[in-house]
Number of protein chains: 2
Amino acid sequence: MNLNWLLAPPLPEAVPCQRLLYQRLRAAILDGRLAAGVRLPGSRQLAAELGIARNTVMFAYEQLVAEGCLLADRQGTRVATLAVAPSAAVRPPVWPALARRASLAESPVAGPELGAFAPGVPDVANFPFRAWRGCLDRAWRAARPRHLGYAAPGGEPELRAALAEYLATMRGFRVHPAQVIVTAGTQAALDLCARLLADNGETAWVENPGYPAARTALAMAGLALHPVAVDSEGMAPTATDWRAHPPRLVLICPAHQYPSGEVLSLPRRLALIDGVRRSGGWVIEDDYDSEFARGGPALPALFGLQPDAPVVYTGTFSKTLYPGLRLGYLVVPEALAEAFAGASASLARSGQGIEQMALADFIQRGHYTTHLRRMRRLYLARQQALRAALARWPGPETGIRGGAAGLHLVLTLPDTLSDTEVVSRAAERGVIVRALSRYALPPMRCNSLLLGYGPVPEAQMSEAVRRLRWAMQPA
Amino acid sequence: MNLNWLLAPPLPEAVPCQRLLYQRLRAAILDGRLAAGVRLPGSRQLAAELGIARNTVMFAYEQLVAEGCLLADRQGTRVATLAVAPSAAVRPPVWPALARRASLAESPVAGPELGAFAPGVPDVANFPFRAWRGCLDRAWRAARPRHLGYAAPGGEPELRAALAEYLATMRGFRVHPAQVIVTAGTQAALDLCARLLADNGETAWVENPGYPAARTALAMAGLALHPVAVDSEGMAPTATDWRAHPPRLVLICPAHQYPSGEVLSLPRRLALIDGVRRSGGWVIEDDYDSEFARGGPALPALFGLQPDAPVVYTGTFSKTLYPGLRLGYLVVPEALAEAFAGASASLARSGQGIEQMALADFIQRGHYTTHLRRMRRLYLARQQALRAALARWPGPETGIRGGAAGLHLVLTLPDTLSDTEVVSRAAERGVIVRALSRYALPPMRCNSLLLGYGPVPEAQMSEAVRRLRWAMQPA
């Protein structure tokens, strides 16, 4: 038997001879070139034929015997009968189908874009790099082995304490640090809420129009989505919604609805809590950008509005620091704190201990509130510049909504102009706008433009609006 | 009407007067102290009574009118009728129950502990801090706004390319970078696989004994777990397993089963792929620690063993760098790459762009393989020291298993000694060991000790073993 091909070129440089011999023998056995039962030459003989050390051959034989590819007996070494026929592998592979639920993941409305007028994007150019990297440096220097390990369930105690204090000042929450659960951002928080607070097949209300990624989180957790229409006072459930689709979960952005920009009125807040309490469900309050409300949030949060309001609250640093940080938090009633901390650790394995320590430091040194104050002014100036430019070059919109908080405005379009068409035409001119209709589920019909002013310097506002106006001209 | 209590002490320092007035008025309306219909004094009058500017009162009134708490008419201002009765809030809150599935999250076998003999924990004290922080610094300096945003779906291109190259060298994978999906670690990868590859209620095989957090990920994704017994050649499905519980998913650690330490034999690998292909399912190959195999993994990975093997592969940096980094990866067949990248972005919103760039740099500069080489030697020496110490002070164990890769050994105990009792007694002496029985599901019965030598310097091995031996003495 000529086995010289076992070490025939090409010989990969990085692979030692004994490993190469082993690999090629194994491949030949697996693909049937060396059939079951075939006797191989003795190690001394093969070594001589190949001009290599006997040990090298012995290593390969032993390894393959250990794996069950070869059998060693008193007569020598032969190829084993493998459990399955060698794979011919000439046909293209046929893969099993994806799960049906894989299709529940909604595509984002658009890719990750920056520039005028990408909504939901903070101005990371004004991020206080120096202060933040100073905090990171201190955290690395102070790091002990446990900070590099899986973080404590619920997050690093220092960050939970800093957040509890921050929320007391900014939002009036009276919460114990144990009620603050650090998450890898809002999506992770929604996923955790969906799986701990609702079972497969139960009903979750979502705002319509609403945020597709949030819908994805709830739908992929097995919940049946029930879209509830949003009007100028925020989510407006009807008697039928309550009766025919009593919610187990209600996901809502009361401070600044996304994408419509509306603020949930106080009567609606009270009615919502009352209704959800009756249906035995929970409200998830997604407070993704109230930090940028003018002079603080216009209304108290749902969380803590009443002592027994069944509300969990989620906040994020994606808009206030930068999205890629991947840190956010949940605030839950005391009775739920332990279950949430435990499940978050076993579902997601917590981590980012260094970043958590740095963030606690960043908050405690006052860098966070300083940054927020500065950005609040900056975003307000940008919103005003956007409004001024829209007024200077008037367009066909029938109204401008939103802006009480956050980073975007909404232009309501007349029926004669389609929001998706404006989006395409604006894109040709290098202007990013989003069509509100893309955020809506049937039967809701929207025809508005979403304009994010977050990342747009004032000096660029006029030019961007002029291009947008071009795209808004009747075709 | 005397409203002087509206600005009575204590007056919080940080809250401006107009906000305080607003807050206290609102609270009084919400809790019924100011009942529906009550007329408030005019703004001029109240300002005079409280000794403050009229504007301050007007601000508060306007805000509360906007919220629907007050009504303004020609006669002045009165308290509105709110949709719900004011909450008395004297009874303790009664919260809705958690979801039934919340109980599926298994508690970890023990808390995050460090020291002899915590398993699954790398030696972070030997982590190359300097090199890593150098890479982080470079990444921060080179960062562009997009690196601070939501990362590209599937991860930063640089990291995916570096991983594809690394896996080609170390594991013989021939994959395009698009087939590499960056995740926030193995738990996130398992969650993604479970939701994309299997529907609610479908069967997932898990190794028995196995890793509780992995079971949690699959159970919380709605899958029906079917435990399959592990023997000395790894997972050993019976004909009944295949017939009565055909798997949609098989989760397996072929290179070094956790916790038993066994290596899946080649015949078993081939039979597994063949069986899963017949059942129309997928294998998830969890390769959590094969980097520490002696001289490279003993056997080829399931992924790529055959061109049409229905296998997705997951790796992590938790053991090779540090757990808190929260970065891992999936490798999927080309046909699945787009679906996985898209779903990972919409389910988890990717991020950590800076850390991803730093890691790509760390790999490309050779720091990663240097570190692995060094740690491989170090862990091997520690394993040998542990074996030597166990031999020097012989104990009642009937065998030592594992150690072909990874960071732990398994001591099989005689029936006369209970693993959980040894664990408690060892804890009294400050020695951490884990009972294999805690990783098993019925009907599997295990009675062994899991000894992690990863974080134990050689010099401490003897002392730790002597304490362990004390705990292993018959009671």
# chains A, B, ... in the order shown; residues from 1 in each chain; ligands from 1
$ residues_around --residues "His176 (chain A)" --least-positions-apart "6" --cutoff "9 Å" --atoms "only C-alpha atoms" --output "list of chain:residue names"
A:Arg160, A:Ala161, A:Ala164, A:Glu165, A:Glu334
$ select_by_dssp --residues "region 341-461 of chain B" --states "strand (DSSP E or B)" --output "PDB file with C-alpha atoms, in the first residue's frame"
ATOM      1  CA  GLY B 399     -11.182   7.703  39.870  1.00  0.00           C
ATOM      2  CA  ILE B 400     -10.116  11.032  38.425  1.00  0.00           C
ATOM      3  CA  ARG B 401     -11.720  12.171  35.187  1.00  0.00           C
ATOM      4  CA  GLY B 402     -11.447  15.178  32.886  1.00  0.00           C
ATOM      5  CA  HIS B 408     -11.148  21.306  36.121  1.00  0.00           C
ATOM      6  CA  LEU B 409     -10.867  17.675  37.209  1.00  0.00           C
ATOM      7  CA  VAL B 410     -13.590  15.377  38.503  1.00  0.00           C
ATOM      8  CA  LEU B 411     -13.094  13.033  41.468  1.00  0.00           C
ATOM      9  CA  THR B 412     -15.497  10.107  41.507  1.00  0.00           C
ATOM     10  CA  ARG B 434     -18.802  21.627  43.732  1.00  0.00           C
ATOM     11  CA  ALA B 435     -20.925  18.497  43.910  1.00  0.00           C
ATOM     12  CA  SER B 448     -18.364  13.306  42.323  1.00  0.00           C
ATOM     13  CA  LEU B 449     -16.443  16.430  43.126  1.00  0.00           C
ATOM     14  CA  LEU B 450     -15.644  19.178  40.652  1.00  0.00           C
ATOM     15  CA  LEU B 451     -12.210  20.703  41.305  1.00  0.00           C
ATOM     16  CA  GLY B 452     -11.316  23.846  39.395  1.00  0.00           C
TER      17      GLY B 452
END
$ residues_around --residues "Val228 (chain A)" --least-positions-apart "3" --cutoff "6 Å" --atoms "only C-alpha atoms" --output "MDAnalysis selection string"
chainID A and resid 207:208 237
$ write_last_selection --atoms "N, CA, C and O atoms" --output "mmCIF file, in the first residue's frame"
data_model
loop_
_atom_site.group_PDB
_atom_site.id
_atom_site.type_symbol
_atom_site.label_atom_id
_atom_site.label_comp_id
_atom_site.auth_asym_id
_atom_site.auth_seq_id
_atom_site.Cartn_x
_atom_site.Cartn_y
_atom_site.Cartn_z
ATOM 1 N N GLU A 207 -47.628 50.311 22.061
ATOM 2 C CA GLU A 207 -48.124 51.550 21.487
ATOM 3 C C GLU A 207 -48.116 51.456 19.958
ATOM 4 O O GLU A 207 -47.206 50.863 19.373
ATOM 5 N N ASN A 208 -49.108 52.059 19.344
ATOM 6 C CA ASN A 208 -49.226 52.039 17.891
ATOM 7 C C ASN A 208 -49.474 53.462 17.390
ATOM 8 O O ASN A 208 -50.520 54.017 17.668
ATOM 9 N N PRO A 237 -56.255 53.550 25.132
ATOM 10 C CA PRO A 237 -56.990 52.278 25.040
ATOM 11 C C PRO A 237 -58.495 52.516 25.084
ATOM 12 O O PRO A 237 -58.978 53.385 25.813
#
$ residues_around --residues "Arg376 (chain A)" --least-positions-apart "6" --cutoff "9 Å" --atoms "only C-alpha atoms" --output "number ranges by chain"
A: 291-295
$ closest_residue --among "B:Ala381, B:Phe173, B:Gly430, B:Arg215" --to "Tyr313 (chain B)" --atoms "only C-alpha atoms"
B:Phe173
$ residues_around --residues "Gly315 (chain A)" --least-positions-apart "6" --cutoff "6 Å" --atoms "only C-alpha atoms" --output "ChimeraX atom specification"
/A:287-288,328-329
$ interface_residues --of "chain A" --to "chain B" --cutoff "7 Å" --atoms "only C-alpha atoms" --output "count of residues only"
60
$ select_by_dssp --residues "region 46-132 of chain A" --states "helix (DSSP H, G or I)" --output "PyMOL selection string"
chain A and resi 46-50+54-67+100-104+124-126+129-132
$ residues_around --residues "Pro474 (chain A)" --least-positions-apart "4" --cutoff "10 Å" --atoms "only C-alpha atoms" --output "number ranges by chain"
A: 396, 416-418, 422, 470
$ closest_residue --among "A:Ala459, A:Ala405, A:Leu390, A:Leu3" --to "Ala48 (chain A)" --atoms "only C-alpha atoms"
A:Leu3
$ closest_residue --among "B:Leu386, B:Val182, B:Met58, B:Val456" --to "Leu163 (chain B)" --atoms "only C-alpha atoms"
B:Val182
$ residues_around --residues "Phe117 (chain B)" --least-positions-apart "2" --cutoff "7 Å" --atoms "only C-alpha atoms" --output "PyMOL selection string"
chain B and resi 115+119+431-433+451-453
$ atom_distance --atom1 "CA of Ala8 (chain A)" --atom2 "CA of Pro41 (chain A)"
17.6 Å
$ atom_distance --atom1 "CA of Leu167 (chain A)" --atom2 "CA of Ala301 (chain A)"
10.8 Å
$ decode --residues "region 297-308 of chain A" --atoms "N, CA, C and O atoms" --output "PDB file, in the first residue's frame"
ATOM      1  N   PRO A 297     -38.807  66.317  33.567  1.00  0.00           N
ATOM      2  CA  PRO A 297     -40.006  65.712  32.979  1.00  0.00           C
ATOM      3  C   PRO A 297     -41.250  66.497  33.374  1.00  0.00           C
ATOM      4  O   PRO A 297     -41.384  66.965  34.504  1.00  0.00           O
ATOM      5  N   ALA A 298     -42.165  66.662  32.422  1.00  0.00           N
ATOM      6  CA  ALA A 298     -43.369  67.435  32.661  1.00  0.00           C
ATOM      7  C   ALA A 298     -44.263  66.753  33.694  1.00  0.00           C
ATOM      8  O   ALA A 298     -44.987  67.413  34.422  1.00  0.00           O
ATOM      9  N   LEU A 299     -44.200  65.457  33.752  1.00  0.00           N
ATOM     10  CA  LEU A 299     -45.122  64.708  34.598  1.00  0.00           C
ATOM     11  C   LEU A 299     -44.358  63.683  35.413  1.00  0.00           C
ATOM     12  O   LEU A 299     -43.308  63.215  34.999  1.00  0.00           O
ATOM     13  N   PRO A 300     -44.908  63.316  36.587  1.00  0.00           N
ATOM     14  CA  PRO A 300     -44.245  62.284  37.373  1.00  0.00           C
ATOM     15  C   PRO A 300     -44.280  60.948  36.634  1.00  0.00           C
ATOM     16  O   PRO A 300     -45.189  60.701  35.836  1.00  0.00           O
ATOM     17  N   ALA A 301     -43.309  60.122  36.905  1.00  0.00           N
ATOM     18  CA  ALA A 301     -43.268  58.803  36.283  1.00  0.00           C
ATOM     19  C   ALA A 301     -44.430  57.955  36.774  1.00  0.00           C
ATOM     20  O   ALA A 301     -45.010  58.217  37.837  1.00  0.00           O
ATOM     21  N   LEU A 302     -44.793  56.945  35.980  1.00  0.00           N
ATOM     22  CA  LEU A 302     -45.798  55.989  36.439  1.00  0.00           C
ATOM     23  C   LEU A 302     -45.288  55.240  37.665  1.00  0.00           C
ATOM     24  O   LEU A 302     -46.029  54.987  38.601  1.00  0.00           O
ATOM     25  N   PHE A 303     -44.002  54.891  37.614  1.00  0.00           N
ATOM     26  CA  PHE A 303     -43.399  54.182  38.744  1.00  0.00           C
ATOM     27  C   PHE A 303     -43.443  55.105  39.958  1.00  0.00           C
ATOM     28  O   PHE A 303     -42.931  56.215  39.923  1.00  0.00           O
ATOM     29  N   GLY A 304     -44.071  54.651  41.023  1.00  0.00           N
ATOM     30  CA  GLY A 304     -44.123  55.455  42.237  1.00  0.00           C
ATOM     31  C   GLY A 304     -45.223  56.495  42.235  1.00  0.00           C
ATOM     32  O   GLY A 304     -45.368  57.243  43.199  1.00  0.00           O
ATOM     33  N   LEU A 305     -46.010  56.597  41.148  1.00  0.00           N
ATOM     34  CA  LEU A 305     -47.113  57.559  41.119  1.00  0.00           C
ATOM     35  C   LEU A 305     -48.107  57.200  42.219  1.00  0.00           C
ATOM     36  O   LEU A 305     -48.691  58.063  42.855  1.00  0.00           O
ATOM     37  N   GLN A 306     -48.293  55.914  42.402  1.00  0.00           N
ATOM     38  CA  GLN A 306     -49.068  55.408  43.534  1.00  0.00           C
ATOM     39  C   GLN A 306     -48.255  54.283  44.164  1.00  0.00           C
ATOM     40  O   GLN A 306     -47.583  53.545  43.446  1.00  0.00           O
ATOM     41  N   PRO A 307     -48.332  54.125  45.485  1.00  0.00           N
ATOM     42  CA  PRO A 307     -47.442  53.161  46.130  1.00  0.00           C
ATOM     43  C   PRO A 307     -47.649  51.728  45.645  1.00  0.00           C
ATOM     44  O   PRO A 307     -46.727  50.929  45.668  1.00  0.00           O
ATOM     45  N   ASP A 308     -48.857  51.417  45.197  1.00  0.00           N
ATOM     46  CA  ASP A 308     -49.089  50.035  44.783  1.00  0.00           C
ATOM     47  C   ASP A 308     -49.291  49.922  43.278  1.00  0.00           C
ATOM     48  O   ASP A 308     -49.895  48.970  42.797  1.00  0.00           O
TER      49      ASP A 308
END
